[in-house]
Each structure stands twice: as structure tokens, then as C-alpha cells.
Amino acid sequence: MSPYARPQDGLPPQTDLHTGRAIFTDAYAVIPRGVMRDIVTSYLPGWTGTRAWIIARPLSGFAETFAHYIVEVAPNGGWGGGSDRPEPDAQAQGVLFVTHGAPVLTLPDGAHPLTPGSYAYIPPGVAWSLSNPRDLPATFHWVRKRYEPAPGIAAPEAFVTRDQAIAPISMPGTNDAWATTRFVSPDDLRHDMHVNVVTFQPGGVIPFEETHVMEHGLYVLEGKAVYKLNRDWVEVEAGDYMWLRAFCPQACYAAGPGPFRYLLYKDVNRHPRLGPVVGG
């Protein structure tokens with residue numbers, strides 16, 4: 001049984017109240033789990049037996065660097081699913097994070113059976129494929145970003161690991177109440193994005209309003225909390241998604257009763273683009 005959240009099948013009954021927690025502002029968006037239904041999925045070119053919830057994409061004037069999908073691949077015993085050429089953009093890198101099922105990722109070094117908690121980083125230009133040979137659906141997050149080369153720095157290699165294999169690093173002075181599972185070292189300048197898992201124990205907080213240049217996508221894997229987004233305190237729970245543009249103030253209070261965990265994207269380690277050259 002997976003501990004991680006995923007989208008729900010079907011639609012709410014006609015008797016349900018219309019009012020929910022979905023919100024889109026000029027600084028942030030909240031996409032609650034209750035609106036990630038079958039009706040908003042897409043079918044992707046190059047994939048069979050697969051549907052995707054596209055919960056973030058580059059949006060001018062908002063968050064511009066990344067796309068975030070939740071992908072569900074049908075089992076082999078049903079209509080089958082997967083892709084031999086999943087990435088259409090030769091400049092795109094990707095991270096896969098599995099939440100349910102047991103898909104198989106194939107990289108140039110061979111096949112990698114994945115399970116809930118599996119994490120894969122795929123550099124730009126690296127051939128890969130994914131299939132679901134099991135008799136249950138497989139669900140994973142797919143975060144895509146165009147890689148930004150830097151002079152004198154080689155592109156990173158592909159790797160596969162697991163959430164459960166990496167010890168979370170406690171934030172200073174928090175007594176393990178706030179910790180981050182880092183799949184890439186923060187000072188590894190080959191990487192221009194990080195996709196981490198952040199964990200708060202009950203009562204854990206971000207004790208100040210973070211305000212920074214990084215864009216964020218935060219998918220709540222487990223638990224619940226109250227999140228400060230710009231001027232608002234917003235309740236979030238497992239299955240919700242928060243999408244933040246650069247400089248959106250943010251803080252957090254995890255009330256419990258269990259751990260609050262989310263998958264976090266941010267862009268890092270590159271100079272900001274200054275726009276096109278004018279004149280000459």
C-alpha cells in the first residue's frame with residue numbers, strides 16, 4: 001500500500017456543494033485534489049494506454065521554467081501503456097517520482113524496475129522509455145525543464161534512487177521538525193533544478209516568510225498543513241498542488257496528526273536571463 005497521494009477517479013456527485021478551495025492569483029495557484037478528476041486529463045503523443053494531469057506549465061508572467069505532470073499508465077493486463085519515445089524536446093531534462101504501481105524505466109544502462117518512492121533524473125538528450133508490465137496501474141510525477149548549459153560545466157548523468165534510501169537532512173535549529181530529502185547536492189552546479197521531498201513533523205514550521213527568485217511546484221504527498229501564500233493562509237492536504245511564481249512569500253505550519261510531506265520543484269544555480277540584446 002503506497003503512502004503517497006494520487007488523483008481520484010470519477011466526478012463528485014451532483015448533490016455536492018460547488019464551493020471548494022481552488023484558487024488562482026497573480027502570485028500563486030492552489031489546485032485541490034478534488035478538482036484533479038478524469039475530466040481534466042490529457043492523452044499525450046507518443047504514449048499508449050496513458051493519461052496525464054498537467055498541473056503546471058510555463059506561463060508568461062507567472063512561473064515560466066517548468067512543467068509538472070501526474071501520469072497514470074494502464075496495466076499490461078488491460079489496455080497496456082507506456083512509451084518508447086516519451087520526451088519530445090531534445091533540450092528537456094526530467095525527473096520521475098513514482099507514487100503507485102511498478103513501472104519499468106529503461107535507460108541506456110538497462111532496465112530499472114520502479115516502486116513507490118522511486119526517483120529518476122534524466123538529462124537532456126538521453127534516450128529512455130517507460131512501460132507498465134504489471135496488472136495494476138502505475139502513477140508517477142514527471143517534472144520537465146529545459147536544461148540551461150553553463151560554460152565549463154558538464155551536463156549531469158542519469159541516475160535512479162529511492163525516497164526511502166536517502167536520509168532527510170534536518171534544517172538547522174529545528175530538531176528534525178523540518179527536513180529535506182535531497183536527491184542532488186545543492187552545490188552540484190551541473191544541476192539547474194532540484195526536485196526534493198520536504199517533511200514537516202507535527203508542529204513543524206517555516207518560521208519566516210520565504211521570498212525568493214525560485215519558482216516552485218509543491219505536490220502534497222502526505223498529511224495536511226496550513227500554508228502562507230502571499231497574503232493568505234491556505235489549508236492544504238494530501239493530493240493538493242501549490243504553484244508559486246518567483247518572489248511569492250511563503251511559510252508553513254504543520255498541525256498534524258502525522259507528518260506533512262510534499263514533492264518540491266525549484267529552479268537553481270543559474271544566472272537570471274537579462275532579456276534580448278538591444279542595439280549593437
# chains A, B, ... in the order shown; residues from 1 in each chain; ligands from 1
$ select_by_dssp --residues "region 206-278 of chain A" --states "strand (DSSP E)" --output "PyMOL selection string"
chain A and resi 206-210+216-222+224-229+232-237+241-244+250-253+260-267
$ write_last_selection --atoms "C-alpha atoms" --output "compact mmCIF listing (two decimals), in the first residue's frame"
# COMPACT_ATOMS: atom_id res chain seq x y z
CA ILE A 206 8.76 27.53 8.21
CA PRO A 207 9.33 30.29 10.77
CA PHE A 208 9.61 33.21 8.33
CA GLU A 209 8.09 34.27 5.03
CA GLU A 210 10.44 32.92 2.36
CA HIS A 216 8.00 26.34 -7.00
CA GLY A 217 5.68 23.46 -7.61
CA LEU A 218 4.61 21.64 -4.40
CA TYR A 219 2.55 18.45 -4.55
CA VAL A 220 1.38 17.26 -1.13
CA LEU A 221 2.28 13.57 -0.81
CA GLU A 222 1.09 13.01 2.77
CA LYS A 224 -2.04 18.30 5.95
CA ALA A 225 -0.91 21.81 6.91
CA VAL A 226 -1.68 25.49 6.70
CA TYR A 227 0.46 27.28 4.10
CA LYS A 228 1.07 31.02 3.88
CA LEU A 229 0.93 32.05 0.22
CA ASP A 232 -3.25 34.29 2.51
CA TRP A 233 -3.19 31.31 4.87
CA VAL A 234 -4.46 28.29 2.91
CA GLU A 235 -5.30 24.82 4.23
CA VAL A 236 -3.76 22.04 2.15
CA GLU A 237 -3.83 18.25 2.35
CA TYR A 241 -0.88 21.15 -5.53
CA MET A 242 0.60 24.60 -4.94
CA TRP A 243 2.14 26.50 -7.84
CA LEU A 244 4.20 29.60 -6.94
CA GLN A 250 5.56 31.59 1.69
CA ALA A 251 5.56 29.96 5.11
CA CYS A 252 4.10 26.81 6.63
CA TYR A 253 2.62 25.36 9.81
CA PHE A 260 3.31 16.59 6.27
CA ARG A 261 5.33 15.79 3.12
CA TYR A 262 5.48 17.31 -0.33
CA LEU A 263 7.39 16.95 -3.59
CA LEU A 264 9.09 20.29 -4.32
CA TYR A 265 10.43 21.71 -7.58
CA LYS A 266 12.66 24.78 -7.76
CA ASP A 267 15.00 26.31 -10.36
$ residues_around --residues "region 246-249 of chain A" --least-positions-apart "4" --cutoff "6 Å" --atoms "only C-alpha atoms" --output "ChimeraX atom specification"
/A:27,209-215,229-230
$ write_last_selection --atoms "C-alpha atoms" --output "mmCIF file, in the first residue's frame"
data_model
loop_
_atom_site.group_PDB
_atom_site.id
_atom_site.type_symbol
_atom_site.label_atom_id
_atom_site.label_comp_id
_atom_site.auth_asym_id
_atom_site.auth_seq_id
_atom_site.Cartn_x
_atom_site.Cartn_y
_atom_site.Cartn_z
ATOM 1 C CA ALA A 27 1.277 35.182 -7.225
ATOM 2 C CA GLU A 209 8.094 34.275 5.028
ATOM 3 C CA GLU A 210 10.438 32.916 2.359
ATOM 4 C CA THR A 211 10.584 35.392 -0.531
ATOM 5 C CA HIS A 212 12.970 34.379 -3.305
ATOM 6 C CA VAL A 213 13.672 34.188 -7.018
ATOM 7 C CA MET A 214 12.989 30.431 -7.323
ATOM 8 C CA GLU A 215 9.711 29.217 -8.784
ATOM 9 C CA LEU A 229 0.932 32.049 0.220
ATOM 10 C CA ASN A 230 1.467 35.738 -0.469
#
$ closest_atom_pairs --of "region 19-59 of chain A" --to "region 71-91 of chain A" --cutoff "7 Å" --atoms "only C-alpha atoms" --output "CSV"
residue,atom,partner,partner_atom,distance
A:Gly46,CA,A:Ser83,CA,6.0
A:Trp47,CA,A:Ser83,CA,4.7
A:Thr48,CA,A:Gly81,CA,4.8
A:Gly49,CA,A:Gly81,CA,3.9
A:Thr50,CA,A:Val73,CA,4.5
A:Arg51,CA,A:Glu72,CA,5.5
A:Ala52,CA,A:Val71,CA,4.4
A:Trp53,CA,A:Val71,CA,6.5
$ write_last_selection --atoms "C-alpha atoms" --output "PDB file, in the first residue's frame"
ATOM      1  CA  GLY A  46       3.957   9.047 -28.214  1.00  0.00           C
ATOM      2  CA  TRP A  47       2.271   7.379 -25.226  1.00  0.00           C
ATOM      3  CA  THR A  48      -0.218   4.497 -25.286  1.00  0.00           C
ATOM      4  CA  GLY A  49      -2.599   3.491 -22.508  1.00  0.00           C
ATOM      5  CA  THR A  50      -1.618   6.646 -20.650  1.00  0.00           C
ATOM      6  CA  ARG A  51      -3.353   9.752 -19.345  1.00  0.00           C
ATOM      7  CA  ALA A  52      -1.870  12.806 -17.645  1.00  0.00           C
ATOM      8  CA  TRP A  53      -2.952  15.584 -15.324  1.00  0.00           C
TER       9      TRP A  53
END
$ atom_distance --atom1 "CA of Phe159 (chain A)" --atom2 "CA of Asp109 (chain A)"
9.9 Å
$ residues_around --residues "Ser170 (chain A)" --least-positions-apart "2" --cutoff "10 Å" --atoms "only C-alpha atoms" --output "list in words"
Ala167, Pro168, Pro172, Gly173, Thr174, Asn175, Asp176, Ala177, Trp178, Ala179, Thr180, Thr181, Val198, Thr199 and Phe200 of chain A
$ atom_distance --atom1 "CA of Ala154 (chain A)" --atom2 "CA of Leu114 (chain A)"
27.2 Å
$ closest_residue --among "A:Asn132, A:Ser2, A:Asn269, A:Gln8" --to "Ala150 (chain A)" --atoms "only C-alpha atoms"
A:Asn269
$ atom_distance --atom1 "CA of Leu105 (chain A)" --atom2 "CA of Pro156 (chain A)"
18.2 Å
$ residues_around --residues "Gly117 (chain A)" --least-positions-apart "2" --cutoff "9 Å" --atoms "only C-alpha atoms" --output "number ranges by chain"
A: 2, 4, 97-100, 114-115, 119, 161-164
$ write_last_selection --atoms "C-alpha atoms" --output "mmCIF file, in the first residue's frame"
data_model
loop_
_atom_site.group_PDB
_atom_site.id
_atom_site.type_symbol
_atom_site.label_atom_id
_atom_site.label_comp_id
_atom_site.auth_asym_id
_atom_site.auth_seq_id
_atom_site.Cartn_x
_atom_site.Cartn_y
_atom_site.Cartn_z
ATOM 1 C CA SER A 2 1.522 3.312 -1.086
ATOM 2 C CA TYR A 4 1.570 8.777 -1.359
ATOM 3 C CA PHE A 97 8.829 10.205 -8.934
ATOM 4 C CA VAL A 98 6.669 7.092 -8.582
ATOM 5 C CA THR A 99 3.716 7.127 -6.193
ATOM 6 C CA HIS A 100 1.824 3.930 -7.124
ATOM 7 C CA LEU A 114 10.476 1.187 -10.081
ATOM 8 C CA THR A 115 8.251 1.125 -6.992
ATOM 9 C CA TYR A 119 13.140 8.743 -8.185
ATOM 10 C CA THR A 161 17.339 6.115 -6.466
ATOM 11 C CA ARG A 162 14.505 5.999 -3.879
ATOM 12 C CA ASP A 163 12.936 8.312 -1.315
ATOM 13 C CA GLN A 164 13.406 5.570 1.289
#
$ closest_residue --among "A:Leu96, A:Met171, A:Arg144, A:Val184" --to "Glu64 (chain A)" --atoms "only C-alpha atoms"
A:Arg144
$ closest_residue --among "A:Leu189, A:Ser129, A:His194, A:Pro7" --to "Val35 (chain A)" --atoms "only C-alpha atoms"
A:Pro7
